[in-house]
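What follows is a set of notes on a single structure, which appears directly below.
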Amino acid sequence: MKILLCLLLKADNLLYTLISRLAIRVEGGLHPKHRLMRYHDWFTQKVQPDWTVLDIGCGNGALAYDLAKRVKKVIAIDTNSGYIEQAGKKYAASNIEYVLADACQYQPKEKICAAVLSNVLEHIDDRFKLLKGLSGLCGRLLVRVPMIDRDWLTLYKKEMGVEYRLDTTHRLEYTLDEFKREIAAAGWKLGGCDIRFGEIYAVLEKI
């Protein structure tokens with residue numbers, strides 16, 4: 001019985017992956033979560049017109065493009081050259097600068113008012129180093145991370161020894177308490193927090 005259950009749990013993971021890939025193709029290359037979750041709105045509502053924003057792990061550039069409509073300038077960085085090339089073609093704007101760079105080493109020339117990390121932290125091994133380093137660049141972070149306790153099935157999969165992460169490149173998925181402890185250790189505190197679609201949306205301020 002337990003073997004059958006584990007097989008069904010694995011099948012659930014496979015179906016999730018297949019549905020996501022097919023949905024991206026049907027949507028023309030962009031995951032429908034961008035449209036349905038409208039998570040860009042949370043970020044764009046937290047910025048000011050005179051800000052220069054650093055978008056870390058900008059990916060395809062879609063969020064950077066929306067941020068650029070609300071701020072003075074967006075510096076969008078990623079370690080993936082393919083993403084930077086794609087973003088520069090599809091989501092170009094006069095006030096967006098796309099840069100191939102590692103956030104732990106990048107030193108912008110301009111004053112950064114806020115840094116955006118949308119589904120980035122969970123992919124990083126040395127999150128402390130990144131968070132600590134960012135405290136020297138700006139006094140505000142806008143962060144979005146996945147929660148491990150987003151539903152009972154996720155926790156059950158982990159308990160049963162079945163892959164439970166939304167993405168196998170995630171180093172971890174958070175509880176709110178784990179997230180608070182991690183940011184506090186790196187010198188940040190919660191300035192505001194929302195829970196949406198099983199994710200933490202947080203404004204971080206330097207302690």
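Letters A, B, ... go to the chains of the structure tokens in the order shown; residues in each chain start at 1; ligands are counted from 1 in the same order.
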With a distance cut-off of 8 Å and only C-alpha atoms, select the neighbouring residues of Leu190 of chain A, excluding the residue or stretch itself and same-chain residues fewer than 2 positions from it, and output the selection as a PDB file with C-alpha atoms, in the first residue's frame.
```pdb
ATOM      1  CA  LYS A 180      12.403  35.372   9.957  1.00  0.00           C
ATOM      2  CA  TRP A 188      17.364  42.379   8.301  1.00  0.00           C
ATOM      3  CA  GLY A 192       5.805  44.140   6.106  1.00  0.00           C
ATOM      4  CA  CYS A 193       4.675  40.670   5.081  1.00  0.00           C
ATOM      5  CA  ALA A 202       8.174  40.521   2.431  1.00  0.00           C
ATOM      6  CA  VAL A 203       9.548  44.030   2.723  1.00  0.00           C
ATOM      7  CA  LEU A 204      12.869  43.782   4.551  1.00  0.00           C
ATOM      8  CA  GLU A 205      14.554  46.663   6.333  1.00  0.00           C
TER       9      GLU A 205
END
```
Considering only C-alpha atoms, return as an mmCIF file with N, CA and C atoms, in the first residue's frame whatever protein or nucleic-acid residues lie within 6 Å of Tyr201 of chain A, sequence-local ones (same chain, fewer than 3 positions apart) excluded.
```cif
data_model
loop_
_atom_site.group_PDB
_atom_site.id
_atom_site.type_symbol
_atom_site.label_atom_id
_atom_site.label_comp_id
_atom_site.auth_asym_id
_atom_site.auth_seq_id
_atom_site.Cartn_x
_atom_site.Cartn_y
_atom_site.Cartn_z
ATOM 1 N N VAL A 143 11.146 40.920 -1.258
ATOM 2 C CA VAL A 143 11.473 39.500 -1.394
ATOM 3 C C VAL A 143 10.220 38.648 -1.548
ATOM 4 N N ARG A 144 10.334 37.637 -2.391
ATOM 5 C CA ARG A 144 9.270 36.637 -2.560
ATOM 6 C C ARG A 144 9.922 35.258 -2.533
ATOM 7 N N CYS A 193 4.698 42.055 5.572
ATOM 8 C CA CYS A 193 4.675 40.670 5.081
ATOM 9 C C CYS A 193 3.273 40.284 4.640
ATOM 10 N N ASP A 194 3.178 39.627 3.496
ATOM 11 C CA ASP A 194 1.921 39.068 2.998
ATOM 12 C C ASP A 194 2.158 37.602 2.641
#
```
(request) Run DSSP on the backbone and grab whatever in chain A lands in alpha helix (DSSP H); send it over as a PyMOL selection string. (result) chain A and resi 2-26+33-37+39-44+62-68+81-90+127-134+152-159+176-185
(request) Fewer than 5 positions away in the same chain doesn't count, so skip those; otherwise give me all residues within 8 Å of segment 146-162 of chain A, counting only C-alpha atoms, as a PyMOL selection string. (result) chain A and resi 6+9-10+119+122+173-176+197-200
For the selection you just gave me, I'd like the residues written to a file as an mmCIF file, in the first residue's frame, keeping N, CA and C atoms.
```
data_model
loop_
_atom_site.group_PDB
_atom_site.id
_atom_site.type_symbol
_atom_site.label_atom_id
_atom_site.label_comp_id
_atom_site.auth_asym_id
_atom_site.auth_seq_id
_atom_site.Cartn_x
_atom_site.Cartn_y
_atom_site.Cartn_z
ATOM 1 N N CYS A 6 3.382 6.074 -2.681
ATOM 2 C CA CYS A 6 4.562 6.825 -3.131
ATOM 3 C C CYS A 6 4.573 6.988 -4.645
ATOM 4 N N LEU A 9 2.171 9.731 -5.471
ATOM 5 C CA LEU A 9 2.739 11.031 -5.126
ATOM 6 C C LEU A 9 3.748 11.479 -6.179
ATOM 7 N N LYS A 10 4.553 10.537 -6.671
ATOM 8 C CA LYS A 10 5.504 10.843 -7.740
ATOM 9 C C LYS A 10 4.767 11.189 -9.032
ATOM 10 N N ASN A 119 11.587 35.074 -6.003
ATOM 11 C CA ASN A 119 11.908 33.647 -6.157
ATOM 12 C C ASN A 119 13.386 33.444 -6.488
ATOM 13 N N GLU A 122 15.669 31.076 -2.516
ATOM 14 C CA GLU A 122 15.570 29.622 -2.369
ATOM 15 C C GLU A 122 16.521 28.862 -3.290
ATOM 16 N N GLU A 173 12.680 25.382 1.010
ATOM 17 C CA GLU A 173 11.435 26.125 0.956
ATOM 18 C C GLU A 173 11.079 26.435 2.407
ATOM 19 N N TYR A 174 10.542 27.605 2.656
ATOM 20 C CA TYR A 174 10.502 28.180 3.995
ATOM 21 C C TYR A 174 9.190 27.963 4.758
ATOM 22 N N THR A 175 9.285 27.966 6.080
ATOM 23 C CA THR A 175 8.177 28.356 6.935
ATOM 24 C C THR A 175 8.420 29.828 7.260
ATOM 25 N N LEU A 176 7.406 30.512 7.740
ATOM 26 C CA LEU A 176 7.577 31.927 8.060
ATOM 27 C C LEU A 176 8.601 32.111 9.170
ATOM 28 N N PHE A 197 -0.739 32.689 -2.334
ATOM 29 C CA PHE A 197 -0.473 31.520 -3.170
ATOM 30 C C PHE A 197 0.648 30.644 -2.603
ATOM 31 N N GLY A 198 0.674 30.518 -1.278
ATOM 32 C CA GLY A 198 1.690 29.674 -0.653
ATOM 33 C C GLY A 198 3.094 30.240 -0.715
ATOM 34 N N GLU A 199 3.197 31.580 -0.817
ATOM 35 C CA GLU A 199 4.503 32.235 -0.854
ATOM 36 C C GLU A 199 4.534 33.396 0.140
ATOM 37 N N ILE A 200 5.739 33.699 0.616
ATOM 38 C CA ILE A 200 5.952 34.845 1.487
ATOM 39 C C ILE A 200 6.369 36.036 0.630
#
```
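Nearest to Thr52 of chain A of all the residues A:Asp126, A:Asp102, A:Glu110, A:Glu163 is A:Glu110, counting only C-alpha atoms.
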(request) Measuring atom to atom with only C-alpha atoms, identify which of A:Lys2, A:Thr17, A:Pro32, A:Ser94 is nearest to Arg165 of chain A. (result) A:Thr17
(message) So that I can see what lies close to Val53 of chain A, please list as an NGL selection string the residues with an atom at most 6 Å from it, counting only C-alpha atoms and leaving out residues fewer than 5 positions away in the same chain.
(response) :A and (74 or 112-115)
I need the residues from that last selection saved to file as an mmCIF file, in the first residue's frame (with N, CA and C atoms), if you can.
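The result, written out as part-v8.cif:
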```
data_model
loop_
_atom_site.group_PDB
_atom_site.id
_atom_site.type_symbol
_atom_site.label_atom_id
_atom_site.label_comp_id
_atom_site.auth_asym_id
_atom_site.auth_seq_id
_atom_site.Cartn_x
_atom_site.Cartn_y
_atom_site.Cartn_z
ATOM 1 N N VAL A 74 15.875 50.669 -13.540
ATOM 2 C CA VAL A 74 16.023 49.301 -13.058
ATOM 3 C C VAL A 74 17.340 48.739 -13.571
ATOM 4 N N ILE A 112 21.392 52.547 -4.887
ATOM 5 C CA ILE A 112 20.271 51.626 -5.013
ATOM 6 C C ILE A 112 19.282 51.890 -3.873
ATOM 7 N N CYS A 113 18.041 52.141 -4.234
ATOM 8 C CA CYS A 113 17.019 52.427 -3.226
ATOM 9 C C CYS A 113 16.384 51.157 -2.682
ATOM 10 N N ALA A 114 16.289 50.130 -3.524
ATOM 11 C CA ALA A 114 15.730 48.853 -3.089
ATOM 12 C C ALA A 114 16.223 47.756 -4.028
ATOM 13 N N ALA A 115 16.350 46.558 -3.484
ATOM 14 C CA ALA A 115 16.700 45.398 -4.299
ATOM 15 C C ALA A 115 15.536 44.425 -4.288
#
```
(message) I'd like the contact shell of Gly136 of chain A - 12 Å cut-off, only C-alpha atoms, skipping same-chain residues fewer than 5 positions apart - returned as a ChimeraX atom specification.
(response) /A:104-108,111-115,129-131,141,186-188,206
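Using only C-alpha atoms, the nearest neighbour of Lys132 of chain A within the list A:Gly191, A:Ile207, A:Gly82, A:Gly61 is A:Ile207.
Here the question is which of A:Asn13, A:Thr79, A:Asn95, A:Ser135 gets nearest to Ile183 of chain A using only C-alpha atoms, and that residue is A:Ser135.
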(request) List every residue of chain A that DSSP, applied to the backbone, labels as strand (DSSP E or B), and write the result as a VMD selection string. (result) chain A and resid 52 to 56 73 to 78 96 to 100 114 to 118 140 to 147 174 188 to 196 199 to 206
(request) Within 7 Å of segment 47-51 of chain A, counting only C-alpha atoms, which residues show up once you throw out same-chain ones fewer than 5 positions away? Write them as number ranges by chain, please. (result) A: 70-73, 113
Generate a file of the selected residues that holds C-alpha atoms, formatted as an mmCIF file, in the first residue's frame.
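Now in again_37.cif:
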```cif
data_model
loop_
_atom_site.group_PDB
_atom_site.id
_atom_site.type_symbol
_atom_site.label_atom_id
_atom_site.label_comp_id
_atom_site.auth_asym_id
_atom_site.auth_seq_id
_atom_site.Cartn_x
_atom_site.Cartn_y
_atom_site.Cartn_z
ATOM 1 C CA ARG A 70 7.094 52.831 -11.971
ATOM 2 C CA VAL A 71 10.682 53.829 -11.147
ATOM 3 C CA LYS A 72 13.498 55.994 -12.464
ATOM 4 C CA LYS A 73 15.752 53.074 -13.363
ATOM 5 C CA CYS A 113 17.019 52.427 -3.226
#
```
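When only C-alpha atoms are used to measure the gap to Asp41 of chain A, the shortest distance among A:Leu54, A:Glu27, A:Ile124, A:Lys69 belongs to A:Lys69.
Counting only C-alpha atoms, the residue from A:Arg127, A:Arg140, A:Lys189, A:Arg196 that sits nearest to Arg171 of chain A is A:Arg127.
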